[in-house]
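*Asks:* Contents of query13.json (JSON, C-alpha atoms and all ligand atoms):
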```json
[["chain", "number", "residue", "atom", "x", "y", "z"],
["A", 144, "MET", "CA", -12.26, 10.09, -8.90],
["A", 145, "THR", "CA", -15.36, 8.54, -10.46],
["A", 146, "GLY", "CA", -15.58, 4.98, -11.78],
["A", 147, "VAL", "CA", -12.87, 3.63, -9.48],
["A", 148, "THR", "CA", -13.71, 0.50, -7.50],
["A", 149, "THR", "CA", -11.74, -1.55, -5.00],
["A", 150, "ARG", "CA", -11.71, -5.28, -4.34],
["A", 151, "THR", "CA", -9.46, -7.82, -2.71],
["A", 152, "ILE", "CA", -7.57, -10.50, -4.59],
["A", 153, "SER", "CA", -5.40, -13.42, -3.56],
["A", 154, "VAL", "CA", -1.94, -13.94, -4.97],
["A", 155, "LYS", "CA", -3.37, -17.21, -6.30],
["A", 156, "ASP", "CA", -5.41, -15.11, -8.76],
["A", 157, "THR", "CA", -2.48, -15.22, -11.15],
["A", 158, "ASP", "CA", -3.71, -12.74, -13.80],
["A", 159, "ALA", "CA", -4.52, -10.05, -11.23],
["A", 160, "TYR", "CA", -1.36, -10.75, -9.22],
["A", 161, "ARG", "CA", 0.80, -10.40, -12.36],
["A", 162, "LYS", "CA", -0.65, -6.91, -12.94],
["A", 163, "VAL", "CA", -0.03, -6.04, -9.28],
["A", 164, "TYR", "CA", 3.55, -7.26, -9.60],
["A", 165, "ASP", "CA", 4.08, -5.05, -12.68],
["A", 166, "LEU", "CA", 2.62, -1.99, -10.92],
["A", 167, "ARG", "CA", 4.83, -2.54, -7.84],
["A", 168, "GLU", "CA", 7.86, -2.86, -10.12],
["A", 169, "GLU", "CA", 6.96, 0.35, -12.02],
["A", 170, "VAL", "CA", 6.06, 2.52, -9.00],
["A", 171, "LEU", "CA", 8.11, 1.13, -6.12],
["A", 172, "ARG", "CA", 11.27, -0.41, -7.60],
["A", 173, "GLN", "CA", 12.25, 0.95, -11.05],
["A", 174, "PRO", "CA", 12.42, 4.60, -9.86],
["A", 175, "ILE", "CA", 15.03, 3.64, -7.23],
["A", 176, "GLY", "CA", 17.04, 1.36, -9.52],
["A", 177, "LEU", "CA", 15.90, -1.91, -7.92],
["A", 178, "SER", "CA", 13.84, -4.86, -9.14],
["A", 179, "LEU", "CA", 11.45, -7.27, -7.45],
["A", 180, "LYS", "CA", 13.26, -9.97, -9.46],
["A", 181, "ASP", "CA", 16.10, -9.69, -6.94],
["A", 182, "GLU", "CA", 13.84, -10.12, -3.89],
["A", 183, "ASP", "CA", 12.42, -13.11, -2.06],
["A", 184, "LEU", "CA", 8.69, -12.71, -2.66],
["A", 185, "SER", "CA", 7.62, -15.89, -0.87],
["A", 186, "GLY", "CA", 5.98, -13.74, 1.83],
["A", 187, "ASP", "CA", 3.49, -12.54, -0.80],
["A", 188, "ASP", "CA", 1.75, -15.90, -0.51],
["A", 189, "LEU", "CA", 0.46, -14.90, 2.94],
["A", 190, "ASP", "CA", -1.01, -11.61, 1.76],
["A", 191, "THR", "CA", -4.42, -10.31, 0.79],
["A", 192, "VAL", "CA", -4.12, -7.63, -1.88],
["A", 193, "VAL", "CA", -6.47, -4.67, -2.15],
["A", 194, "ILE", "CA", -6.62, -3.28, -5.68],
["A", 195, "ALA", "CA", -8.21, -0.21, -7.22],
["A", 196, "GLU", "CA", -9.31, -0.42, -10.82],
["A", 197, "SER", "CA", -11.36, 1.37, -13.45],
["A", 198, "GLY", "CA", -12.68, -0.24, -16.61],
["A", 199, "GLY", "CA", -10.45, -3.26, -16.03],
["A", 200, "GLU", "CA", -7.30, -1.12, -15.69],
["A", 201, "LEU", "CA", -5.30, -1.59, -12.49],
["A", 202, "LEU", "CA", -4.76, 1.82, -10.86],
["A", 203, "GLY", "CA", -3.39, 0.91, -7.45],
["A", 204, "CYS", "CA", -2.54, -1.79, -4.95],
["A", 205, "VAL", "CA", -1.74, -2.32, -1.29],
["A", 206, "MET", "CA", -0.91, -5.64, 0.38],
["A", 207, "ILE", "CA", -2.10, -6.82, 3.81],
["A", 208, "HIS", "CA", 0.46, -8.99, 5.59],
["A", 209, "PRO", "CA", 0.13, -10.93, 8.86],
["A", 210, "THR", "CA", 2.47, -10.15, 11.76],
["A", 211, "HIS", "CA", 3.51, -12.27, 14.73],
["A", 212, "GLU", "CA", 0.65, -10.61, 16.66],
["A", 213, "PRO", "CA", -2.75, -11.93, 15.50],
["A", 214, "SER", "CA", -4.47, -8.59, 16.23],
["A", 215, "VAL", "CA", -1.96, -6.58, 14.18],
["A", 216, "LEU", "CA", -1.84, -6.51, 10.38],
["A", 217, "LYS", "CA", 0.76, -4.76, 8.24],
["A", 218, "LEU", "CA", 0.15, -2.76, 5.07],
["A", 219, "ARG", "CA", 2.93, -2.93, 2.51],
["A", 220, "GLN", "CA", 3.67, -2.30, -1.18],
["A", 221, "MET", "CA", 1.27, 0.64, -1.48],
["A", 222, "ALA", "CA", 1.37, 2.02, -5.00],
["A", 223, "VAL", "CA", -0.81, 4.16, -7.25],
["A", 224, "SER", "CA", -0.17, 4.34, -10.99],
["A", 225, "PRO", "CA", 1.80, 7.59, -11.67],
["A", 226, "ALA", "CA", -0.84, 9.02, -14.03],
["A", 227, "HIS", "CA", -3.51, 8.57, -11.38],
["A", 228, "GLN", "CA", -1.79, 9.81, -8.22],
["A", 229, "LYS", "CA", -3.27, 12.63, -6.11],
["A", 230, "LYS", "CA", -6.82, 11.83, -7.27],
["A", 231, "GLY", "CA", -8.00, 10.11, -4.10],
["A", 232, "ILE", "CA", -7.19, 6.52, -5.10],
["A", 233, "GLY", "CA", -4.65, 5.98, -2.32],
["A", 234, "GLN", "CA", -7.15, 7.19, 0.25],
["A", 235, "LEU", "CA", -9.83, 4.91, -1.23],
["A", 236, "MET", "CA", -7.52, 1.88, -1.05],
["A", 237, "ILE", "CA", -6.48, 2.58, 2.54],
["A", 238, "ALA", "CA", -10.16, 2.78, 3.55],
["A", 239, "ALA", "CA", -10.83, -0.55, 1.80],
["A", 240, "ALA", "CA", -7.74, -2.12, 3.40],
["A", 241, "GLU", "CA", -8.82, -0.94, 6.85],
["A", 242, "GLU", "CA", -12.24, -2.51, 6.36],
["A", 243, "GLU", "CA", -10.59, -5.76, 5.26],
["A", 244, "CYS", "CA", -8.29, -5.69, 8.32],
["A", 245, "LYS", "CA", -11.29, -5.13, 10.64],
["A", 246, "ARG", "CA", -13.15, -7.98, 8.95],
["A", 247, "ALA", "CA", -10.10, -10.17, 9.60],
["A", 248, "GLY", "CA", -10.27, -9.28, 13.31],
["A", 249, "ALA", "CA", -7.35, -6.85, 13.53],
["A", 250, "GLY", "CA", -7.29, -4.11, 16.16],
["A", 251, "ARG", "CA", -4.29, -2.23, 14.81],
["A", 252, "ILE", "CA", -2.52, -1.60, 11.50],
["A", 253, "ILE", "CA", 1.20, -0.97, 11.17],
["A", 254, "LEU", "CA", 3.23, 0.04, 8.13],
["A", 255, "HIS", "CA", 6.68, 1.18, 7.10],
["A", 256, "ALA", "CA", 6.20, 4.56, 5.41],
["A", 257, "ARG", "CA", 8.70, 6.18, 3.12],
["A", 258, "LEU", "CA", 9.37, 9.65, 4.53],
["A", 259, "THR", "CA", 8.03, 11.06, 1.25],
["A", 260, "ALA", "CA", 4.66, 9.43, 2.04],
["A", 261, "GLU", "CA", 4.56, 10.07, 5.81],
["A", 262, "ASP", "CA", 2.21, 13.05, 5.49],
["A", 263, "PHE", "CA", -0.14, 11.05, 3.26],
["A", 264, "TYR", "CA", -0.60, 8.47, 6.03],
["A", 265, "LYS", "CA", -0.80, 11.19, 8.72],
["A", 266, "LYS", "CA", -3.79, 12.68, 6.91],
["A", 267, "LEU", "CA", -5.47, 9.28, 7.18],
["A", 268, "GLY", "CA", -4.94, 8.99, 10.95],
["A", 269, "TYR", "CA", -1.63, 7.10, 11.14],
["A", 270, "ALA", "CA", 0.90, 8.11, 13.81],
["A", 271, "THR", "CA", 4.67, 7.83, 13.56],
["A", 272, "VAL", "CA", 6.01, 5.49, 16.25],
["A", 273, "SER", "CA", 9.69, 5.04, 15.37],
["A", 274, "ASP", "CA", 12.86, 6.86, 14.51],
["A", 275, "THR", "CA", 13.88, 6.98, 10.87],
["A", 276, "PHE", "CA", 15.49, 3.84, 9.46],
["A", 277, "THR", "CA", 16.61, 2.69, 6.02],
["A", 278, "GLU", "CA", 14.73, 0.19, 3.87],
["A", 279, "VAL", "CA", 15.36, -0.39, 0.14],
["A", 280, "GLY", "CA", 17.92, 2.40, 0.49],
["A", 281, "LEU", "CA", 15.30, 4.99, 1.48],
["A", 282, "PRO", "CA", 14.43, 6.62, 4.81],
["A", 283, "HIS", "CA", 11.33, 5.13, 6.42],
["A", 284, "VAL", "CA", 9.37, 5.36, 9.68],
["A", 285, "VAL", "CA", 7.02, 2.89, 11.34],
["A", 286, "MET", "CA", 3.45, 4.22, 11.51],
["A", 287, "GLU", "CA", 0.36, 2.74, 13.11],
["A", 288, "LYS", "CA", -3.36, 3.27, 13.54],
["A", 289, "PRO", "CA", -5.81, 1.62, 15.92],
["A", 290, "LEU", "CA", -8.95, 0.30, 14.22],
["B", 301, "LIG", "C1", 1.77, 7.86, -1.76],
["B", 301, "LIG", "C2", 0.61, 7.36, -2.65],
["B", 301, "LIG", "C3", 0.31, 5.93, -2.32],
["B", 301, "LIG", "C4", -0.61, 8.24, -2.33],
["B", 301, "LIG", "O1", -1.70, 7.84, -3.16],
["B", 301, "LIG", "P1", -2.54, 8.94, -3.97],
["B", 301, "LIG", "O2", -3.65, 8.28, -4.68],
["B", 301, "LIG", "O3", -1.57, 9.72, -4.79],
["B", 301, "LIG", "O4", -3.07, 9.85, -2.76],
["B", 301, "LIG", "P2", -4.54, 10.49, -2.56],
["B", 301, "LIG", "O5", -4.89, 11.24, -3.81],
["B", 301, "LIG", "O6", -5.49, 9.49, -2.09],
["B", 301, "LIG", "O7", -4.18, 11.54, -1.42],
["B", 301, "LIG", "C5", -4.95, 11.71, -0.23],
["B", 301, "LIG", "C6", -4.44, 12.96, 0.45],
["B", 301, "LIG", "O8", -3.04, 12.82, 0.74],
["B", 301, "LIG", "C7", -2.27, 13.81, 0.05],
["B", 301, "LIG", "N1", -1.04, 13.16, -0.43],
["B", 301, "LIG", "C8", -0.92, 12.23, -1.39],
["B", 301, "LIG", "N2", 0.36, 11.86, -1.51],
["B", 301, "LIG", "C9", 1.06, 12.58, -0.60],
["B", 301, "LIG", "C10", 2.42, 12.64, -0.24],
["B", 301, "LIG", "N3", 3.35, 11.86, -0.83],
["B", 301, "LIG", "N4", 2.79, 13.49, 0.76],
["B", 301, "LIG", "C11", 1.88, 14.28, 1.38],
["B", 301, "LIG", "N5", 0.54, 14.26, 1.07],
["B", 301, "LIG", "C12", 0.15, 13.41, 0.10],
["B", 301, "LIG", "C13", -3.15, 14.28, -1.09],
["B", 301, "LIG", "O9", -2.82, 15.59, -1.51],
["B", 301, "LIG", "C14", -4.52, 14.21, -0.44],
["B", 301, "LIG", "O10", -4.70, 15.31, 0.42],
["B", 301, "LIG", "P3", -6.11, 16.10, 0.52],
["B", 301, "LIG", "O11", -7.10, 15.07, 1.03],
["B", 301, "LIG", "O12", -5.83, 17.19, 1.47],
["B", 301, "LIG", "O13", -6.42, 16.54, -0.87],
["B", 301, "LIG", "C15", 0.94, 7.51, -4.16],
["B", 301, "LIG", "O14", 1.17, 8.85, -4.46],
["B", 301, "LIG", "C16", 2.11, 6.67, -4.61],
["B", 301, "LIG", "O15", 1.94, 5.54, -5.07],
["B", 301, "LIG", "N6", 3.32, 7.24, -4.53],
["B", 301, "LIG", "C17", 4.55, 6.56, -4.98],
["B", 301, "LIG", "C18", 4.84, 5.30, -4.20],
["B", 301, "LIG", "C19", 4.86, 5.50, -2.71],
["B", 301, "LIG", "O16", 5.44, 6.43, -2.19],
["B", 301, "LIG", "N7", 4.18, 4.57, -2.03],
["B", 301, "LIG", "C20", 4.11, 4.58, -0.58],
["B", 301, "LIG", "C21", 5.27, 3.87, -0.03],
["B", 301, "LIG", "S1", 5.24, 3.86, 1.76]]
```
Any chance you could put this one into structure tokens?
Ligand SMILES: CC(C)(COP(=O)(O)OP(=O)(O)OC[C@H]1O[C@@H](n2cnc3c(N)ncnc32)[C@H](O)[C@@H]1OP(=O)(O)O)[C@@H](O)C(=O)NCCC(=O)NCCS
*Replies:*
Amino acid sequence: MTGVTTRTISVKDTDAYRKVYDLREEVLRQPIGLSLKDEDLSGDDLDTVVIAESGGELLGCVMIHPTHEPSVLKLRQMAVSPAHQKKGIGQLMIAAAEEECKRAGAGRIILHARLTAEDFYKKLGYATVSDTFTEVGLPHVVMEKPL
């Protein structure tokens, strides 16, 4: 998709973070009858957020979260605006997030993938390394990729 750029923001960038919050709510919570309002979001403070945008409109986000292992970073809250899915934006954001993780010194990325998104991550080189488990009421697997 042309005209789409990525950049990283901090959750301290309140205007951008508010838009990210709204997109996460729309794409990741409302469709399954949940709300971020009911969750402890204090962990967000530790995250770097990769966003995709075009003409000032937020099209997608993914958050990079530290783990207990310094060389391992976790991707979470991956969401592309419904009108813009399947146009390459997710792939673009994962590439930008991987670069950011490398820059931060990580040697491996992990993530919890919804089963409905497992093949998306497989296409981008992620391998499934767990059995299926339930998170936010949905089946997930742990996936990882060396950098
Ligand atoms: C899953 C999601 C992040 C993918 O982003 P996207 O911008 O739609 O994906 P892209 O257009 O970059 O797709 C890249 C490739 O993966 C494929 N793909 C995209 N979503 C897929 C899915 N859910 N399952 C299988 N393949 C998928 C695309 O067809 C494309 O394949 P191609 O290169 O052969 O053409 C996005 O669809 C989304 O936000 N979905 C709803 C929320 C969600 O499931 N988030 C992930 C939670 S773990």
*Asks:* Find the residues near stretch 280-283 of chain A: any atom within 6 Å, counting all atoms listed in the file, skip ones fewer than 5 places away on the same chain, and give them as a ChimeraX atom specification.
*Replies:* /A:256-258,275
*Asks:* Distance limit 7 Å, reference ligand LIG 301 (chain B), atoms considered: only C-alpha atoms and all ligand atoms. Which residues make the cut? Give them as a short mmCIF file (atom, residue, chain, number, x, y, z; two decimals) with C-alpha atoms, in the frame of the given file.
*Replies:*
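The new file result_24.cif reads:
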```cif
data_model
loop_
_atom_site.label_atom_id
_atom_site.label_comp_id
_atom_site.auth_asym_id
_atom_site.auth_seq_id
_atom_site.Cartn_x
_atom_site.Cartn_y
_atom_site.Cartn_z
CA VAL A 170 6.06 2.52 -9.00
CA LEU A 171 8.11 1.13 -6.12
CA GLN A 220 3.67 -2.30 -1.18
CA MET A 221 1.27 0.64 -1.48
CA ALA A 222 1.37 2.02 -5.00
CA VAL A 223 -0.81 4.16 -7.25
CA SER A 224 -0.17 4.34 -10.99
CA PRO A 225 1.80 7.59 -11.67
CA HIS A 227 -3.51 8.57 -11.38
CA GLN A 228 -1.79 9.81 -8.22
CA LYS A 229 -3.27 12.63 -6.11
CA LYS A 230 -6.82 11.83 -7.27
CA GLY A 231 -8.00 10.11 -4.10
CA ILE A 232 -7.19 6.52 -5.10
CA GLY A 233 -4.65 5.98 -2.32
CA GLN A 234 -7.15 7.19 0.25
CA LEU A 235 -9.83 4.91 -1.23
CA HIS A 255 6.68 1.18 7.10
CA ALA A 256 6.20 4.56 5.41
CA ARG A 257 8.70 6.18 3.12
CA THR A 259 8.03 11.06 1.25
CA ALA A 260 4.66 9.43 2.04
CA GLU A 261 4.56 10.07 5.81
CA ASP A 262 2.21 13.05 5.49
CA PHE A 263 -0.14 11.05 3.26
CA LYS A 266 -3.79 12.68 6.91
#
```
*Asks:* Which residue is closest to A:Arg219? Choose from A:Gly268, A:Met286, A:Leu202, A:Asp158 and count only C-alpha atoms.
*Replies:*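 So, comparing all the options, the nearest one is A:Met286.
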*Asks:* For the atom pair atom CA of A:Met206 and atom CA of A:Lys288, what is the interatomic distance in Å to one decimal place?
*Replies:*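 So the two atoms, atom CA of A:Met206 and atom CA of A:Lys288, lie 16.1 Å apart.
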*Asks:* Hey, can you check how far atom CA of A:Thr149 sits from atom CA of A:Glu168?
*Replies:*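 Answer for the atom CA of A:Thr149 to atom CA of A:Glu168 separation: 20.3 Å.
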*Asks:* Taking all atoms listed in the file into account, which of A:Glu182, A:Lys217, A:Ser273, A:Val279 comes nearest A:Ala240?
*Replies:*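 Under the stated criterion, the closest residue is A:Lys217.
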*Asks:* For a quick check of understanding, using only C-alpha atoms, which of A:Asp274, A:Asp190, A:Glu287, A:Glu212 has the smallest distance to A:Leu254?
*Replies:*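 For A:Leu254, the nearest of the candidates is A:Glu287.
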*Asks:* To one decimal place, how far is atom CA of A:Met236 from atom CA of A:Asp181 in Å?
*Replies:* 27.0 Å
*Asks:* Calculated over only C-alpha atoms, which of the candidates A:Gly199, A:Gly176, A:Gly248, A:Gly186 has the smallest distance to A:Pro213?
*Replies:*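 Of all the options, A:Gly248 lies closest to A:Pro213.
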*Asks:* Calculate, to one decimal in Å, the centre and edge lengths of the box along x, y and z of the file that holds all listed atoms of stretch 144-162 of chain A with 3 Å of margin on each side, and present them as JSON.
*Replies:*
```
{"center_x": -7.4, "center_y": -3.6, "center_z": -8.3, "size_x": 22.4, "size_y": 33.3, "size_z": 17.1}
```
*Asks:* Under the rule that only C-alpha atoms are counted, which of A:Glu200, A:Glu278, A:Glu169, A:Glu241 is the nearest residue to A:Thr148?
*Replies:*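 With only C-alpha atoms as the atom set, the closest residue is A:Glu200.
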